[in-house]
$ cat run_39.cif   # mmCIF, C-alpha atoms
data_start
#
loop_
_atom_site.label_atom_id
_atom_site.label_comp_id
_atom_site.auth_asym_id
_atom_site.auth_seq_id
_atom_site.Cartn_x
_atom_site.Cartn_y
_atom_site.Cartn_z
CA MET E 1 0.00 0.00 0.00
CA SER E 2 2.81 2.42 0.88
CA LYS E 3 4.46 1.78 -2.49
CA LEU E 4 1.14 2.42 -4.25
CA ILE E 5 0.68 5.72 -2.39
CA GLN E 6 4.26 6.67 -3.19
CA LEU E 7 3.74 5.85 -6.86
CA VAL E 8 0.42 7.70 -7.20
CA LEU E 9 0.93 10.71 -4.93
CA GLY E 10 4.71 10.85 -4.87
CA PHE E 11 4.89 10.73 -1.08
CA ARG E 12 7.97 9.12 0.41
CA SER E 13 8.40 6.69 3.26
CA SER E 14 10.44 7.35 6.38
CA ASN E 15 13.29 5.18 5.11
CA VAL E 16 14.63 7.59 2.50
CA ASP E 17 18.08 9.14 2.79
CA ASP E 18 18.68 12.71 3.85
CA ALA E 19 19.87 13.51 0.33
CA VAL E 20 16.46 12.67 -1.13
CA VAL E 21 14.65 14.80 1.45
CA ILE E 22 17.05 17.69 0.92
CA LYS E 23 16.45 17.50 -2.83
CA ASP E 24 12.70 17.89 -2.29
CA MET E 25 13.24 20.73 0.16
CA LYS E 26 15.45 22.50 -2.36
CA ARG E 27 12.70 22.21 -4.97
CA LEU E 28 10.32 24.01 -2.62
CA GLU E 29 13.04 26.56 -1.87
CA SER E 30 13.53 27.20 -5.59
CA PHE E 31 9.83 28.11 -5.90
CA CYS E 32 10.21 30.50 -2.95
CA VAL E 33 13.21 32.13 -4.62
CA ALA E 34 11.41 32.38 -7.97
CA PHE E 35 8.43 34.15 -6.38
CA ASN E 36 10.68 36.28 -4.17
CA ILE E 37 9.23 34.78 -0.99
CA LEU E 38 12.80 34.00 0.06
CA PRO E 39 14.97 36.09 -2.30
CA ASN E 40 18.19 34.44 -1.15
CA GLY E 41 16.77 31.09 -0.12
CA PHE E 42 16.78 29.64 3.36
CA ALA E 43 20.29 31.00 3.95
CA GLN E 44 18.92 34.58 3.74
CA ASP E 45 22.37 35.91 2.90
CA SER E 46 21.87 39.67 2.58
CA SER E 47 25.27 40.10 0.94
CA VAL E 48 23.99 38.42 -2.24
CA THR E 49 22.87 41.08 -4.72
CA PRO E 50 19.89 40.33 -6.97
CA SER E 51 20.66 39.56 -10.61
CA LYS E 52 19.25 41.48 -13.56
CA TRP E 53 16.91 38.58 -14.29
CA THR E 54 15.55 38.81 -10.74
CA ILE E 55 14.82 42.50 -11.23
CA VAL E 56 13.14 41.79 -14.58
CA LYS E 57 11.00 39.06 -12.99
CA SER E 58 9.95 41.46 -10.24
CA ILE E 59 8.88 44.07 -12.80
CA ILE E 60 6.93 41.50 -14.83
CA TYR E 61 5.31 40.18 -11.67
CA PHE E 62 4.31 43.69 -10.58
CA CYS E 63 2.77 44.42 -13.99
CA ILE E 64 0.74 41.19 -13.92
CA ILE E 65 -0.56 41.79 -10.40
CA PHE E 66 -1.33 45.45 -11.08
CA ALA E 67 -3.21 44.65 -14.29
CA ASN E 68 -5.16 41.85 -12.61
CA ILE E 69 -6.18 43.90 -9.57
CA ALA E 70 -7.07 46.94 -11.69
CA HIS E 71 -9.19 44.71 -13.94
CA LEU E 72 -10.97 43.13 -10.97
CA VAL E 73 -11.58 46.54 -9.39
CA LEU E 74 -13.22 47.80 -12.58
CA LEU E 75 -15.47 44.75 -12.78
CA SER E 76 -16.45 44.53 -9.12
CA VAL E 77 -16.44 48.07 -7.74
CA PHE E 78 -17.57 50.32 -10.58
CA ASN E 79 -20.99 50.12 -12.18
CA LEU E 80 -19.79 50.12 -15.79
CA PRO E 81 -22.14 50.08 -18.78
CA ASP E 82 -22.43 46.87 -20.77
CA HIS E 83 -20.24 48.25 -23.55
CA TRP E 84 -17.28 48.59 -21.20
CA LEU E 85 -18.01 45.25 -19.57
CA HIS E 86 -17.72 43.68 -23.01
CA ILE E 87 -14.37 45.38 -23.58
CA PHE E 88 -13.09 44.19 -20.20
CA GLY E 89 -14.20 40.66 -20.99
CA ASP E 90 -16.76 40.31 -18.20
CA PHE E 91 -18.28 36.97 -19.13
CA PHE E 92 -20.69 37.38 -16.20
CA CYS E 93 -22.25 40.39 -17.85
CA GLY E 94 -26.02 40.06 -17.46
CA HIS E 95 -25.86 37.89 -14.32
CA PRO E 96 -27.29 39.50 -11.16
CA GLY E 97 -24.52 38.24 -8.87
CA ARG E 98 -21.59 38.92 -11.20
CA ARG E 99 -19.97 41.61 -9.04
CA PHE E 100 -19.74 39.26 -6.06
CA PHE E 101 -17.78 36.73 -8.11
CA TRP E 102 -15.20 39.31 -9.15
CA LEU E 103 -15.18 40.85 -5.68
CA PHE E 104 -14.25 37.50 -4.15
CA TRP E 105 -11.23 37.10 -6.43
CA LEU E 106 -10.31 40.76 -5.98
CA TYR E 107 -10.15 40.32 -2.23
CA MET E 108 -8.15 37.11 -2.54
CA SER E 109 -5.68 38.77 -4.92
CA ILE E 110 -5.17 41.78 -2.65
CA PHE E 111 -4.94 39.60 0.43
CA GLY E 112 -2.33 37.35 -1.17
CA GLU E 113 -0.26 40.29 -2.36
CA VAL E 114 -0.35 42.15 0.97
CA LEU E 115 0.56 38.94 2.79
CA ARG E 116 3.45 38.41 0.38
CA HIS E 117 4.84 41.91 0.90
CA PHE E 118 4.45 41.57 4.66
CA TRP E 119 6.43 38.32 4.48
CA ILE E 120 9.16 39.90 2.33
CA TYR E 121 9.38 42.78 4.82
CA LEU E 122 9.92 40.30 7.66
CA VAL E 123 12.62 38.52 5.66
CA LYS E 124 14.44 41.79 4.88
CA LYS E 125 14.31 42.84 8.53
CA GLY E 126 15.79 39.51 9.59
CA HIS E 127 12.70 38.42 11.51
CA LEU E 128 12.58 35.00 9.85
CA LYS E 129 16.13 33.87 10.54
CA THR E 130 14.64 30.80 12.17
CA LEU E 131 14.21 29.41 8.64
CA ARG E 132 17.99 29.23 8.32
CA LEU E 133 17.62 25.92 10.09
CA TYR E 134 16.81 24.29 6.75
CA ASP E 135 19.94 25.65 5.11
CA THR E 136 21.91 24.05 7.94
CA LEU E 137 20.11 20.77 7.33
CA TYR E 138 21.40 20.80 3.75
CA THR E 139 24.97 20.39 4.96
CA LYS E 140 24.59 18.56 8.27
CA GLY E 141 21.48 16.48 7.67
CA PHE E 142 18.54 15.75 9.96
CA ARG E 143 20.65 14.98 13.01
CA SER E 144 20.03 15.41 16.70
CA GLN E 145 22.91 17.87 16.96
CA VAL E 146 21.15 20.17 14.49
CA LEU E 147 17.50 19.74 15.42
CA HIS E 148 18.13 19.25 19.15
CA MET E 149 15.71 16.35 19.24
CA SER E 150 16.05 12.64 19.79
CA PRO E 151 16.81 10.55 16.67
CA PHE E 152 13.26 9.20 16.82
CA TYR E 153 11.70 12.64 16.46
CA CYS E 154 14.33 13.71 13.94
CA LEU E 155 13.17 10.90 11.68
CA LYS E 156 9.54 11.81 12.24
CA PHE E 157 10.17 15.44 11.41
CA ARG E 158 12.18 14.47 8.33
CA PHE E 159 9.30 12.30 7.13
CA VAL E 160 6.66 14.99 7.70
CA ALA E 161 8.76 17.84 6.29
CA ASN E 162 9.60 15.83 3.19
CA ASN E 163 6.00 14.93 2.42
CA LEU E 164 4.74 18.42 3.20
CA ALA E 165 7.26 19.81 0.71
CA ILE E 166 6.12 17.27 -1.90
CA TRP E 167 2.47 18.02 -1.14
CA TRP E 168 2.82 21.79 -1.59
CA ILE E 169 4.81 21.40 -4.80
CA LYS E 170 2.15 19.11 -6.23
CA VAL E 171 -0.67 21.43 -5.15
CA ILE E 172 1.09 24.36 -6.84
CA ALA E 173 1.55 22.32 -10.02
CA LEU E 174 -2.07 21.17 -9.93
CA LEU E 175 -3.29 24.73 -9.43
CA THR E 176 -1.19 26.05 -12.30
CA ILE E 177 -2.43 23.35 -14.66
CA SER E 178 -6.08 23.19 -13.63
CA LEU E 179 -6.99 26.85 -13.10
CA ALA E 180 -6.79 27.74 -16.80
CA PRO E 181 -9.31 25.12 -18.03
CA ILE E 182 -11.55 25.90 -15.04
CA LEU E 183 -11.68 29.58 -15.99
CA VAL E 184 -12.26 28.72 -19.65
CA PHE E 185 -15.05 26.32 -18.68
CA ILE E 186 -16.71 28.94 -16.47
CA SER E 187 -16.40 31.55 -19.21
CA GLU E 188 -17.90 29.35 -21.89
CA SER E 189 -20.68 28.10 -19.60
CA VAL E 190 -22.03 31.39 -18.30
CA SER E 191 -21.02 33.88 -20.97
CA GLN E 192 -23.79 35.89 -22.61
CA LEU E 193 -21.34 38.03 -24.57
CA PRO E 194 -21.61 38.44 -28.36
CA LYS E 195 -19.96 35.62 -30.31
CA THR E 196 -17.67 37.80 -32.42
CA PRO E 197 -13.91 37.55 -33.11
CA GLN E 198 -13.36 40.94 -31.49
CA GLN E 199 -15.18 39.89 -28.32
CA PHE E 200 -13.26 36.62 -28.28
CA ILE E 201 -9.98 38.56 -28.21
CA TYR E 202 -11.23 40.86 -25.45
CA THR E 203 -12.49 38.00 -23.32
CA TYR E 204 -9.50 35.72 -23.57
CA CYS E 205 -6.87 38.44 -23.24
CA TRP E 206 -8.40 39.53 -19.94
CA LEU E 207 -9.00 35.92 -18.96
CA PHE E 208 -5.28 35.28 -19.43
CA VAL E 209 -4.46 38.27 -17.21
CA THR E 210 -6.90 37.00 -14.58
CA TYR E 211 -5.36 33.54 -14.76
CA LEU E 212 -1.81 34.84 -14.28
CA GLY E 213 -2.86 37.15 -11.46
CA LEU E 214 -4.79 34.48 -9.57
CA VAL E 215 -2.03 31.90 -10.05
CA CYS E 216 0.56 34.31 -8.65
CA ALA E 217 -1.63 35.30 -5.71
CA LEU E 218 -2.58 31.73 -4.82
CA ILE E 219 0.96 30.39 -5.24
CA ASN E 220 2.20 33.10 -2.88
CA LEU E 221 -0.31 31.93 -0.29
CA MET E 222 0.68 28.31 -0.82
CA LEU E 223 4.42 28.93 -0.61
CA THR E 224 4.18 30.86 2.63
CA GLY E 225 1.68 28.29 3.87
CA GLY E 226 4.10 25.51 2.97
CA LEU E 227 6.96 27.10 4.88
CA VAL E 228 4.73 27.76 7.89
CA THR E 229 3.35 24.21 8.02
CA ILE E 230 6.81 22.66 7.76
CA HIS E 231 8.17 24.92 10.48
CA LEU E 232 5.08 24.29 12.60
CA ALA E 233 5.82 20.57 12.29
CA TYR E 234 9.33 21.25 13.57
CA PHE E 235 8.03 23.06 16.64
CA TYR E 236 5.43 20.36 17.20
CA PHE E 237 7.97 17.52 17.33
CA LYS E 238 10.36 19.69 19.33
CA ALA E 239 7.60 20.37 21.86
CA VAL E 240 6.78 16.67 22.15
CA HIS E 241 10.46 15.82 22.57
CA VAL E 242 11.02 18.43 25.29
CA ALA E 243 7.81 17.48 27.11
CA GLU E 244 8.81 13.82 27.16
CA ASN E 245 12.27 14.64 28.49
CA VAL E 246 10.86 16.82 31.26
CA GLU E 247 8.30 14.18 32.19
CA HIS E 248 10.95 11.47 32.18
CA PHE E 249 13.23 13.54 34.38
CA ALA E 250 10.41 14.31 36.82
CA LYS E 251 9.74 10.61 37.26
CA LYS E 252 13.40 9.72 37.80
CA ARG E 253 14.35 12.54 40.15
CA ARG E 254 13.89 10.53 43.36
CA SER E 255 15.87 7.51 42.20
CA SER E 256 18.81 9.54 40.89
CA HIS E 257 21.97 10.37 42.81
CA LYS E 258 22.60 13.98 43.68
CA VAL E 259 25.35 14.47 41.09
CA ASP E 260 23.37 12.76 38.35
CA TYR E 261 20.30 14.71 39.37
CA LEU E 262 22.08 18.06 39.04
CA LEU E 263 23.52 17.15 35.66
CA MET E 264 20.15 15.98 34.37
CA TYR E 265 18.46 19.02 35.87
CA LYS E 266 20.82 21.44 34.14
CA ALA E 267 20.49 19.64 30.81
CA THR E 268 16.70 19.56 31.04
CA ILE E 269 16.39 23.20 32.07
CA ARG E 270 18.78 24.23 29.29
CA GLU E 271 16.67 22.36 26.75
CA VAL E 272 13.43 23.90 27.99
CA ILE E 273 14.89 27.42 27.99
CA GLN E 274 16.27 26.96 24.49
CA TYR E 275 12.90 25.84 23.20
CA GLN E 276 11.09 28.66 25.01
CA ASN E 277 13.50 31.18 23.50
CA GLU E 278 12.84 29.79 20.02
CA ILE E 279 9.10 30.04 20.52
CA GLU E 280 9.32 33.52 22.01
CA HIS E 281 11.57 34.81 19.23
CA LEU E 282 9.22 33.49 16.57
CA ASN E 283 6.19 34.79 18.45
CA VAL E 284 7.54 38.32 18.73
CA ARG E 285 8.75 38.52 15.13
CA PHE E 286 6.06 36.54 13.38
CA ARG E 287 2.80 36.82 15.29
CA ASN E 288 1.48 39.86 13.40
CA TRP E 289 1.85 38.02 10.09
CA LEU E 290 0.05 34.99 11.52
CA ILE E 291 -2.75 37.15 12.92
CA PHE E 292 -3.17 38.80 9.53
CA LEU E 293 -3.15 35.38 7.87
CA TYR E 294 -5.83 34.04 10.21
CA LEU E 295 -8.06 37.10 9.83
CA GLY E 296 -7.62 37.21 6.07
CA MET E 297 -8.32 33.53 5.54
CA SER E 298 -11.27 33.68 7.89
CA PHE E 299 -12.83 36.62 6.06
CA THR E 300 -12.15 35.03 2.67
CA SER E 301 -13.77 31.77 3.74
CA ASP E 302 -16.76 33.52 5.29
CA PHE E 303 -17.24 35.70 2.23
CA GLY E 304 -16.98 32.71 -0.11
CA VAL E 305 -19.56 30.74 1.85
CA TYR E 306 -21.83 33.80 1.96
CA ILE E 307 -21.66 34.17 -1.82
CA ALA E 308 -22.25 30.46 -2.42
CA ALA E 309 -25.03 29.98 0.15
CA VAL E 310 -26.83 33.34 0.21
CA VAL E 311 -26.07 35.39 -2.89
CA HIS E 312 -25.75 32.50 -5.38
CA ILE E 313 -23.82 33.08 -8.58
CA ASP E 314 -25.68 30.54 -10.70
CA HIS E 315 -27.48 28.18 -8.25
CA ASN E 316 -25.31 25.44 -9.71
CA TYR E 317 -21.69 24.31 -9.97
CA LEU E 318 -20.21 27.81 -9.53
CA ASP E 319 -21.71 28.02 -6.06
CA VAL E 320 -20.22 24.61 -5.28
CA PHE E 321 -16.83 25.72 -6.65
CA LEU E 322 -16.74 28.84 -4.46
CA ALA E 323 -17.90 26.84 -1.45
CA ILE E 324 -15.06 24.33 -1.93
CA VAL E 325 -12.50 27.14 -2.19
CA ALA E 326 -13.90 28.75 0.96
CA LEU E 327 -14.04 25.49 2.92
CA ASN E 328 -10.36 24.88 2.20
CA GLY E 329 -9.68 28.05 4.17
CA PHE E 330 -11.71 26.77 7.12
CA ILE E 331 -9.85 23.45 7.03
CA SER E 332 -6.46 25.19 6.96
CA ILE E 333 -7.38 27.39 9.91
CA GLY E 334 -8.65 24.37 11.83
CA VAL E 335 -5.51 22.30 11.25
CA CYS E 336 -3.16 25.15 12.18
CA SER E 337 -5.20 25.98 15.29
CA TYR E 338 -5.18 22.34 16.34
CA LEU E 339 -1.40 22.03 15.98
CA ASN E 340 -0.85 25.35 17.76
CA GLY E 341 -3.04 24.07 20.58
CA ILE E 342 -0.92 20.92 20.87
CA VAL E 343 2.29 22.97 21.01
CA LEU E 344 0.86 25.21 23.73
CA THR E 345 -0.35 22.15 25.65
CA LYS E 346 3.12 20.62 25.55
CA VAL E 347 4.62 23.89 26.77
CA LYS E 348 2.12 23.91 29.63
CA ILE E 349 3.12 20.34 30.50
CA ASN E 350 6.75 21.44 30.61
CA PHE E 351 5.95 24.10 33.19
CA LYS E 352 3.84 21.64 35.17
CA TYR E 353 6.65 19.13 35.51
CA LEU E 354 9.21 21.84 36.17
CA LEU E 355 7.12 22.95 39.13
CA ILE E 356 7.03 19.35 40.34
CA ILE E 357 10.81 19.09 40.00
CA GLN E 358 11.37 22.23 42.00
#

$ encode --input "run_39.cif" --output "structure tokens"
Amino acid sequence: MSKLIQLVLGFRSSNVDDAVVIKDMKRLESFCVAFNILPNGFAQDSSVTPSKWTIVKSIIYFCIIFANIAHLVLLSVFNLPDHWLHIFGDFFCGHPGRRFFWLFWLYMSIFGEVLRHFWIYLVKKGHLKTLRLYDTLYTKGFRSQVLHMSPFYCLKFRFVANNLAIWWIKVIALLTISLAPILVFISESVSQLPKTPQQFIYTYCWLFVTYLGLVCALINLMLTGGLVTIHLAYFYFKAVHVAENVEHFAKKRRSSHKVDYLLMYKATIREVIQYQNEIEHLNVRFRNWLIFLYLGMSFTSDFGVYIAAVVHIDHNYLDVFLAIVALNGFISIGVCSYLNGIVLTKVKINFKYLLIIQ
């Protein structure tokens, strides 16, 4: 069964070498570099100057995003006459709920772009240096000396990080491939525009701009989401490891000799403090981005469900499509909240056993 899953989905087992995992992580890193999420990769070496091609890509990216957002603003905010709607390729022209459809994608595009620039700001200010851990893993591997976890949890983290990287890469590829035919299908299904060559050019030129803009916005969300989920997995396994060590030490304190007790006590306290410092550093530097992410995804999901369940675009598959997109946001928020709750619970357990030790 595991071989079948690996063949179909591309997921790897826990028995792969570090080199294979590092290769998959570097693929995800290359996407982050290409979309300027991590301009200099996990190393975040500020001494590296951007190449001319990087500057050209940034200009092209800006033009695509600007054109897409401007187009969506015109279709969703302004009450344009039908003549202009035809020129701007509004294939929902004539539908009562057309502005809500464009408004949903406008909000998602703006949200993705603001989130991206917020992330880039944090990287430039050095607030995400914690991600340098993965650059260290490239050279030293998933070892206890690097991750400060037991070999058991190092292997677990390697397995989860590897498959999360594969998952996000595949989702990005699937999005890039599938979004174009989905938009074409929607356009051809609901369009009431004149069937003329001129209108065909208008519609598909703007549809191409919309496709590029949405792909860029959604990939930005997925790349940052991929990095966050992988790093969240690291903190999860680290929390479990530290909690187990503290619990184990609390149970053995009475049977240990004084010298052994002091040595174990110092090692345990050092490990707890190190983990707490990691959490606190990330919390101070990163919490505003996470709050914005939660609020943005929550509003997007709520708005999507509202459009699908109350407004109704077509009382058919489009409502289902928007509902699925919105529900993915709810699922993501739920999973992240659950894992954050586990991490906080483990931290609470650490303090509980430390009080017992003292």

$ residues_around --input "run_39.cif" --residues "Val16 of chain E" --least-positions-apart "4" --cutoff "10 Å" --atoms "all atoms listed in the file" --output "JSON, numbers by chain"
{"E": [12, 20, 21, 155, 158, 159, 162]}

$ resolve_selection --input "run_39.cif" --expression "the PyMOL selection byres ((chain E and resi 176) around 12)" --output "PDB file with C-alpha atoms, keeping the file's coordinate frame"
ATOM      1  CA  ILE E 169       4.810  21.400  -4.800  1.00  0.00           C
ATOM      2  CA  LYS E 170       2.150  19.110  -6.230  1.00  0.00           C
ATOM      3  CA  VAL E 171      -0.670  21.430  -5.150  1.00  0.00           C
ATOM      4  CA  ILE E 172       1.090  24.360  -6.840  1.00  0.00           C
ATOM      5  CA  ALA E 173       1.550  22.320 -10.020  1.00  0.00           C
ATOM      6  CA  LEU E 174      -2.070  21.170  -9.930  1.00  0.00           C
ATOM      7  CA  LEU E 175      -3.290  24.730  -9.430  1.00  0.00           C
ATOM      8  CA  ILE E 177      -2.430  23.350 -14.660  1.00  0.00           C
ATOM      9  CA  SER E 178      -6.080  23.190 -13.630  1.00  0.00           C
ATOM     10  CA  LEU E 179      -6.990  26.850 -13.100  1.00  0.00           C
ATOM     11  CA  ALA E 180      -6.790  27.740 -16.800  1.00  0.00           C
ATOM     12  CA  PRO E 181      -9.310  25.120 -18.030  1.00  0.00           C
ATOM     13  CA  ILE E 182     -11.550  25.900 -15.040  1.00  0.00           C
ATOM     14  CA  LEU E 183     -11.680  29.580 -15.990  1.00  0.00           C
ATOM     15  CA  TYR E 211      -5.360  33.540 -14.760  1.00  0.00           C
ATOM     16  CA  LEU E 212      -1.810  34.840 -14.280  1.00  0.00           C
ATOM     17  CA  GLY E 213      -2.860  37.150 -11.460  1.00  0.00           C
ATOM     18  CA  LEU E 214      -4.790  34.480  -9.570  1.00  0.00           C
ATOM     19  CA  VAL E 215      -2.030  31.900 -10.050  1.00  0.00           C
ATOM     20  CA  CYS E 216       0.560  34.310  -8.650  1.00  0.00           C
ATOM     21  CA  ALA E 217      -1.630  35.300  -5.710  1.00  0.00           C
ATOM     22  CA  LEU E 218      -2.580  31.730  -4.820  1.00  0.00           C
ATOM     23  CA  ILE E 219       0.960  30.390  -5.240  1.00  0.00           C
ATOM     24  CA  MET E 222       0.680  28.310  -0.820  1.00  0.00           C
TER      25      MET E 222
END

$ residues_around --input "run_39.cif" --residues "Tyr275 of chain E" --least-positions-apart "5" --cutoff "9 Å" --atoms "only C-alpha atoms" --output "list in words"
Phe235, Lys238, Ala239, Val242, Arg270 and Glu280 of chain E

$ atom_distance --input "run_39.cif" --atom1 "atom CA of Arg285 of chain E" --atom2 "atom CA of Ser150 of chain E"
27.3 Å

$ atom_distance --input "run_39.cif" --atom1 "atom CA of Val272 of chain E" --atom2 "atom CA of Leu128 of chain E"
21.3 Å

$ resolve_selection --input "run_39.cif" --expression "the PyMOL selection byres ((chain E and resi 288-290) around 10)" --output "VMD selection string"
chain E and resid 115 to 116 118 to 119 122 228 283 to 287 291 to 296

$ write_last_selection --input "run_39.cif" --atoms "C-alpha atoms" --output "CSV table (one decimal), keeping the file's coordinate frame"
chain,number,residue,atom,x,y,z
E,115,LEU,CA,0.6,38.9,2.8
E,116,ARG,CA,3.4,38.4,0.4
E,118,PHE,CA,4.4,41.6,4.7
E,119,TRP,CA,6.4,38.3,4.5
E,122,LEU,CA,9.9,40.3,7.7
E,228,VAL,CA,4.7,27.8,7.9
E,283,ASN,CA,6.2,34.8,18.4
E,284,VAL,CA,7.5,38.3,18.7
E,285,ARG,CA,8.8,38.5,15.1
E,286,PHE,CA,6.1,36.5,13.4
E,287,ARG,CA,2.8,36.8,15.3
E,291,ILE,CA,-2.8,37.2,12.9
E,292,PHE,CA,-3.2,38.8,9.5
E,293,LEU,CA,-3.2,35.4,7.9
E,294,TYR,CA,-5.8,34.0,10.2
E,295,LEU,CA,-8.1,37.1,9.8
E,296,GLY,CA,-7.6,37.2,6.1

$ atom_distance --input "run_39.cif" --atom1 "atom CA of Val73 of chain E" --atom2 "atom CA of Phe104 of chain E"
10.8 Å

$ closest_atom_pairs --input "run_39.cif" --of "segment 179-290 of chain E" --to "segment 34-41 of chain E" --cutoff "8 Å" --atoms "all atoms listed in the file" --output "Markdown table"
| residue | atom | partner | partner_atom | distance |
| --- | --- | --- | --- | --- |
| E:Asn220 | CA | E:Phe35 | CA | 7.2 |
| E:Leu223 | CA | E:Ile37 | CA | 7.6 |
| E:Thr224 | CA | E:Ile37 | CA | 7.3 |

$ closest_residue --input "run_39.cif" --among "E:Ile279, E:Gly226, E:Ala161, E:Ala309" --to "Phe31 of chain E" --atoms "all atoms listed in the file"
E:Gly226

$ residues_around --input "run_39.cif" --residues "Met297 of chain E" --least-positions-apart "4" --cutoff "9 Å" --atoms "only C-alpha atoms" --output "PDB file with C-alpha atoms, in the frame of the given file"
ATOM      1  CA  MET E 108      -8.150  37.110  -2.540  1.00  0.00           C
ATOM      2  CA  PHE E 111      -4.940  39.600   0.430  1.00  0.00           C
ATOM      3  CA  PHE E 292      -3.170  38.800   9.530  1.00  0.00           C
ATOM      4  CA  LEU E 293      -3.150  35.380   7.870  1.00  0.00           C
ATOM      5  CA  SER E 301     -13.770  31.770   3.740  1.00  0.00           C
ATOM      6  CA  ASP E 302     -16.760  33.520   5.290  1.00  0.00           C
ATOM      7  CA  ALA E 326     -13.900  28.750   0.960  1.00  0.00           C
ATOM      8  CA  GLY E 329      -9.680  28.050   4.170  1.00  0.00           C
ATOM      9  CA  PHE E 330     -11.710  26.770   7.120  1.00  0.00           C
ATOM     10  CA  SER E 332      -6.460  25.190   6.960  1.00  0.00           C
ATOM     11  CA  ILE E 333      -7.380  27.390   9.910  1.00  0.00           C
TER      12      ILE E 333
END

$ closest_residue --input "run_39.cif" --among "E:Cys93, E:Leu103, E:Leu85, E:Ile186" --to "Thr300 of chain E" --atoms "all atoms listed in the file"
E:Leu103

$ resolve_selection --input "run_39.cif" --expression "the PyMOL selection byres ((chain E and resi 209) around 9)" --output "list in words"
Ile64, Ile65, Ala67, Asn68, His71, Tyr204, Cys205, Trp206, Leu207, Phe208, Thr210, Tyr211, Leu212, Gly213 and Leu214 of chain E

$ closest_residue --input "run_39.cif" --among "E:Ala233, E:Leu322, E:Leu263, E:Val114" --to "Tyr338 of chain E" --atoms "all atoms listed in the file"
E:Ala233

$ closest_residue --input "run_39.cif" --among "E:Tyr234, E:Ile269, E:Ile55, E:Leu193" --to "Phe92 of chain E" --atoms "all atoms listed in the file"
E:Leu193

$ residues_around --input "run_39.cif" --residues "Gln199 of chain E" --least-positions-apart "5" --cutoff "8 Å" --atoms "only C-alpha atoms" --output "PyMOL selection string"
chain E and resi 86-87+89+193-194

$ build_atoms --input "run_39.cif" --residues "segment 195-208 of chain E" --atoms "N, CA and C atoms" --output "compact mmCIF listing (two decimals), in the coordinates of the input"
# COMPACT_ATOMS: atom_id res chain seq x y z
N LYS E 195 -20.90 36.60 -29.76
CA LYS E 195 -19.96 35.62 -30.31
C LYS E 195 -19.28 36.20 -31.55
N THR E 196 -18.40 37.16 -31.32
CA THR E 196 -17.67 37.80 -32.42
C THR E 196 -16.17 37.62 -32.20
N PRO E 197 -15.37 37.67 -33.27
CA PRO E 197 -13.91 37.55 -33.11
C PRO E 197 -13.33 38.64 -32.20
N GLN E 198 -13.85 39.85 -32.33
CA GLN E 198 -13.36 40.94 -31.49
C GLN E 198 -13.64 40.67 -30.01
N GLN E 199 -14.84 40.19 -29.71
CA GLN E 199 -15.18 39.89 -28.32
C GLN E 199 -14.37 38.71 -27.80
N PHE E 200 -14.09 37.76 -28.67
CA PHE E 200 -13.26 36.62 -28.28
C PHE E 200 -11.87 37.08 -27.83
N ILE E 201 -11.30 38.03 -28.57
CA ILE E 201 -9.98 38.56 -28.21
C ILE E 201 -10.05 39.29 -26.88
N TYR E 202 -11.07 40.15 -26.71
CA TYR E 202 -11.23 40.86 -25.45
C TYR E 202 -11.32 39.89 -24.27
N THR E 203 -12.21 38.92 -24.43
CA THR E 203 -12.49 38.00 -23.32
C THR E 203 -11.26 37.20 -22.92
N TYR E 204 -10.59 36.63 -23.91
CA TYR E 204 -9.50 35.72 -23.57
C TYR E 204 -8.19 36.44 -23.23
N CYS E 205 -8.03 37.65 -23.69
CA CYS E 205 -6.87 38.44 -23.24
C CYS E 205 -7.00 38.76 -21.75
N TRP E 206 -8.19 39.22 -21.36
CA TRP E 206 -8.40 39.53 -19.94
C TRP E 206 -8.47 38.26 -19.10
N LEU E 207 -8.97 37.19 -19.69
CA LEU E 207 -9.00 35.92 -18.96
C LEU E 207 -7.58 35.43 -18.68
N PHE E 208 -6.68 35.66 -19.62
CA PHE E 208 -5.28 35.28 -19.43
C PHE E 208 -4.65 36.11 -18.32
